[in-house]
Amino acid sequence: MRGFLKLAVRAVSCIPRRPFSGGRPPAPLGGRILTDPEDIFQHNMWDHVQWTEEETEKARQKAEENSKEKIPVEEQSKYDREAHKYWDRFYEMHQRKFFRNRTWLFTEFPELLPPDTTGLCLPEQEQEQEQEQEQGGGVDSCSESGNREKQQPCASSTLTSHMNTFPGQHAAFRILEVGCGAGNSVFPIISTIRGSKAFLYCCDFSSQAIELIQEHPDYDPAVCHAFVRDICDTASPFPFPPESLDIILVVFVLSAIHPVRRAQDAVRALAGFLKQGGIVLFRDYGRYDLAQLRFKKGQCLSENFYKRQDGTCVYFFTKDEVHHLFSNAGLEELQNLEDRRLQVNRGKKVVMHRVWTQSKYRKPCLISD
Ligand SMILES: C[S@@+](CC[C@H](N)C(=O)[O-])C[C@H]1O[C@@H](n2cnc3c(N)ncnc32)[C@H](O)[C@@H]1O
């Protein structure tokens, strides 16, 4: 089975759910815990899976092996320089069909719910996904979405703007999604915030992706403003003033950008648009995810950074790297987790280790006298 990690069922061990504390959801990242290895083929996905030392070592060796041959340096810059063209081609080919709607969005990130939407019906979630996608996430029951962590806006966060008018100016709650692609988070958010005092901005450097969003029947400029923007081009303006955003959503985007050279500057610039008390919500690939281990030799750009066949790139983060990325931008940690799961193909009786990272970082409030 190409690319699949076959695992001995007995090698699977799990950690318990974290206890409920201080109004937080009892356990982020799902609660389907495998306690009896005999049950492994009863579900498509198991949460909070711990790796044995042997499994970690095997994964490390696989990554070392597939990173031995690097893409020649003179060829590498093209994947940076022309990244938007590769993503344009990706959306030309796949249109809206590649990624599924992010059904876990409001469960994992209840901060996305504007303050005036408590009690609203959220988009329906699938209780069990038949085949979790490569860039998918966890699936939890809808009921946990009410466990919204209390957002404490800073007392001093007033908007001072040099812009006369801007889209979403009168909104009380502003969300930006960067690297929004074809809108798999955008449309669930639009349907949730419609009728509230919230406004959504979304951008991507692929003009094809933004066209797909703007042409979607649910796109509504009264609630959402979609625009083309490369988040690495920190000199270009955004259509809203600094310190105007409550939430920035960054889902499977920073992995597409060179982790050292470019992602840090992009995160720093984005942090400037958060209000004090505003939050970045982040989810992306984790180190030694199946997607990393199944790369063949000759596709590696630099350590843990690879080029796919279609020219798009992908990095695999550790928790510490994520922490540095956001704390170097002056943000404070609310959550920084590794999401380790077992994805099960029940038909083929194959199990695969998936690893994602999930984090929440907040812009601190300035203390005024
Ligand atoms: C893996 S897709 C994820 C799309 C979307 N966030 C989702 O979860 O479905 C990565 C997206 O990031 C966009 N992207 C990559 N680098 C970017 C950059 N420097 N600026 C803006 N968008 C970027 C790509 O065009 C692509 O749409």
# chains A, B, ... in the order shown; residues from 1 in each chain; ligands from 1
call {"tool": "residues_around", "arguments": {"residues": "Pro237 of chain A", "least_positions_apart": "3", "cutoff": "12 Å", "atoms": "only C-alpha atoms", "output": "MDAnalysis selection string"}}
result
chainID A and resid 163 227:234 240:242 269:270 273
call {"tool": "select_by_dssp", "arguments": {"residues": "segment 176-291 of chain A", "states": "strand (DSSP E)", "output": "PyMOL selection string"}}
result
chain A and resi 176-178+198-204+224-228+245-251+274-285
call {"tool": "closest_residue", "arguments": {"among": "A:Phe295, A:Phe90, A:Phe166, A:Phe205", "to": "ligand 1", "atoms": "only C-alpha atoms and all ligand atoms"}}
result
A:Phe205
call {"tool": "closest_residue", "arguments": {"among": "A:Pro364, A:Gly286, A:Pro188, A:Pro115", "to": "Asp339 of chain A", "atoms": "only C-alpha atoms"}}
result
A:Gly286
call {"tool": "closest_atom_pairs", "arguments": {"of": "chain A", "to": "ligand 1", "cutoff": "6 Å", "atoms": "only C-alpha atoms and all ligand atoms", "output": "CSV"}}
result
residue,atom,partner,partner_atom_place_in_ligand_line,distance
A:Trp87,CA,ligand 1,25 (O),4.9
A:Phe99,CA,ligand 1,9 (O),5.7
A:Gly179,CA,ligand 1,22 (N),3.7
A:Cys180,CA,ligand 1,6 (N),4.2
A:Gly181,CA,ligand 1,27 (O),3.3
A:Asn184,CA,ligand 1,9 (O),4.9
A:Asp204,CA,ligand 1,22 (N),3.8
A:Phe205,CA,ligand 1,21 (C),4.1
A:Ser206,CA,ligand 1,25 (O),4.8
A:Arg229,CA,ligand 1,21 (C),5.7
A:Asp230,CA,ligand 1,20 (N),3.5
A:Ile231,CA,ligand 1,20 (N),4.1
A:Cys232,CA,ligand 1,19 (N),4.9
A:Val251,CA,ligand 1,6 (N),4.6
A:Phe252,CA,ligand 1,3 (C),4.8
A:Val253,CA,ligand 1,12 (O),4.3
A:Ala256,CA,ligand 1,15 (C),5.1
A:Ile257,CA,ligand 1,16 (N),5.6
call {"tool": "residues_around", "arguments": {"residues": "Arg32 of chain A", "least_positions_apart": "3", "cutoff": "9 Å", "atoms": "only C-alpha atoms", "output": "PyMOL selection string"}}
result
chain A and resi 43+45-48+140
call {"tool": "write_last_selection", "arguments": {"atoms": "all heavy atoms", "output": "short mmCIF file (atom, residue, chain, number, x, y, z; two decimals), in the first residue's frame"}}
result
data_model
loop_
_atom_site.label_atom_id
_atom_site.label_comp_id
_atom_site.auth_asym_id
_atom_site.auth_seq_id
_atom_site.Cartn_x
_atom_site.Cartn_y
_atom_site.Cartn_z
N HIS A 43 -13.65 2.61 13.87
CA HIS A 43 -13.83 4.01 13.47
C HIS A 43 -12.77 4.40 12.44
O HIS A 43 -11.77 3.71 12.29
CB HIS A 43 -13.73 4.93 14.69
CG HIS A 43 -14.86 4.75 15.65
ND1 HIS A 43 -16.15 5.10 15.35
CD2 HIS A 43 -14.88 4.24 16.90
CE1 HIS A 43 -16.93 4.81 16.39
NE2 HIS A 43 -16.20 4.28 17.34
N MET A 45 -11.11 7.27 12.60
CA MET A 45 -10.10 8.17 13.17
C MET A 45 -10.09 8.04 14.68
O MET A 45 -11.15 7.99 15.30
CB MET A 45 -10.48 9.61 12.78
CG MET A 45 -9.46 10.65 13.08
SD MET A 45 -8.03 10.58 11.99
CE MET A 45 -8.60 11.59 10.63
N TRP A 46 -8.89 7.98 15.25
CA TRP A 46 -8.74 7.98 16.71
C TRP A 46 -7.93 9.20 17.12
O TRP A 46 -6.97 9.55 16.44
CB TRP A 46 -8.04 6.70 17.18
CG TRP A 46 -8.84 5.45 16.89
CD1 TRP A 46 -8.68 4.60 15.83
CD2 TRP A 46 -9.93 4.93 17.66
NE1 TRP A 46 -9.60 3.58 15.89
CE2 TRP A 46 -10.39 3.76 17.00
CE3 TRP A 46 -10.57 5.33 18.83
CZ2 TRP A 46 -11.44 2.99 17.49
CZ3 TRP A 46 -11.62 4.56 19.32
CH2 TRP A 46 -12.05 3.40 18.65
N ASP A 47 -8.32 9.81 18.25
CA ASP A 47 -7.69 11.06 18.67
C ASP A 47 -6.66 10.83 19.77
O ASP A 47 -6.70 9.82 20.46
CB ASP A 47 -8.77 12.02 19.21
CG ASP A 47 -9.90 12.22 18.22
OD1 ASP A 47 -9.59 12.39 17.03
OD2 ASP A 47 -11.08 12.17 18.63
N HIS A 48 -5.81 11.82 19.95
CA HIS A 48 -4.82 11.84 21.05
C HIS A 48 -4.00 10.56 21.11
O HIS A 48 -3.96 9.87 22.13
CB HIS A 48 -5.52 12.08 22.40
CG HIS A 48 -6.24 13.38 22.45
ND1 HIS A 48 -5.60 14.58 22.63
CD2 HIS A 48 -7.56 13.67 22.30
CE1 HIS A 48 -6.49 15.56 22.61
NE2 HIS A 48 -7.69 15.04 22.40
N ASP A 140 -15.52 16.68 15.77
CA ASP A 140 -16.08 16.54 17.10
C ASP A 140 -17.58 16.71 17.03
O ASP A 140 -18.11 17.19 16.05
CB ASP A 140 -15.52 17.62 18.02
CG ASP A 140 -14.16 17.23 18.51
OD1 ASP A 140 -14.06 16.18 19.14
OD2 ASP A 140 -13.21 17.97 18.24
#
call {"tool": "closest_residue", "arguments": {"among": "A:Asn336, A:Asn304, A:Thr357, A:Gln42", "to": "Arg283 of chain A", "atoms": "only C-alpha atoms"}}
result
A:Thr357
call {"tool": "residues_around", "arguments": {"residues": "segment 62-66 of chain A", "least_positions_apart": "6", "cutoff": "12 Å", "atoms": "only C-alpha atoms", "output": "list in words"}}
result
Gly3, Leu5, Glu55, Thr56, Arg287, Tyr288, Asp289, Leu290, Ala291, Gln292, Leu293, Arg294, Phe295, Lys296, Lys297, Gly298, Gln299, Cys300, Leu301, Ser302, Glu303, Asn304, Phe305, Tyr306, Lys307 and Phe316 of chain A
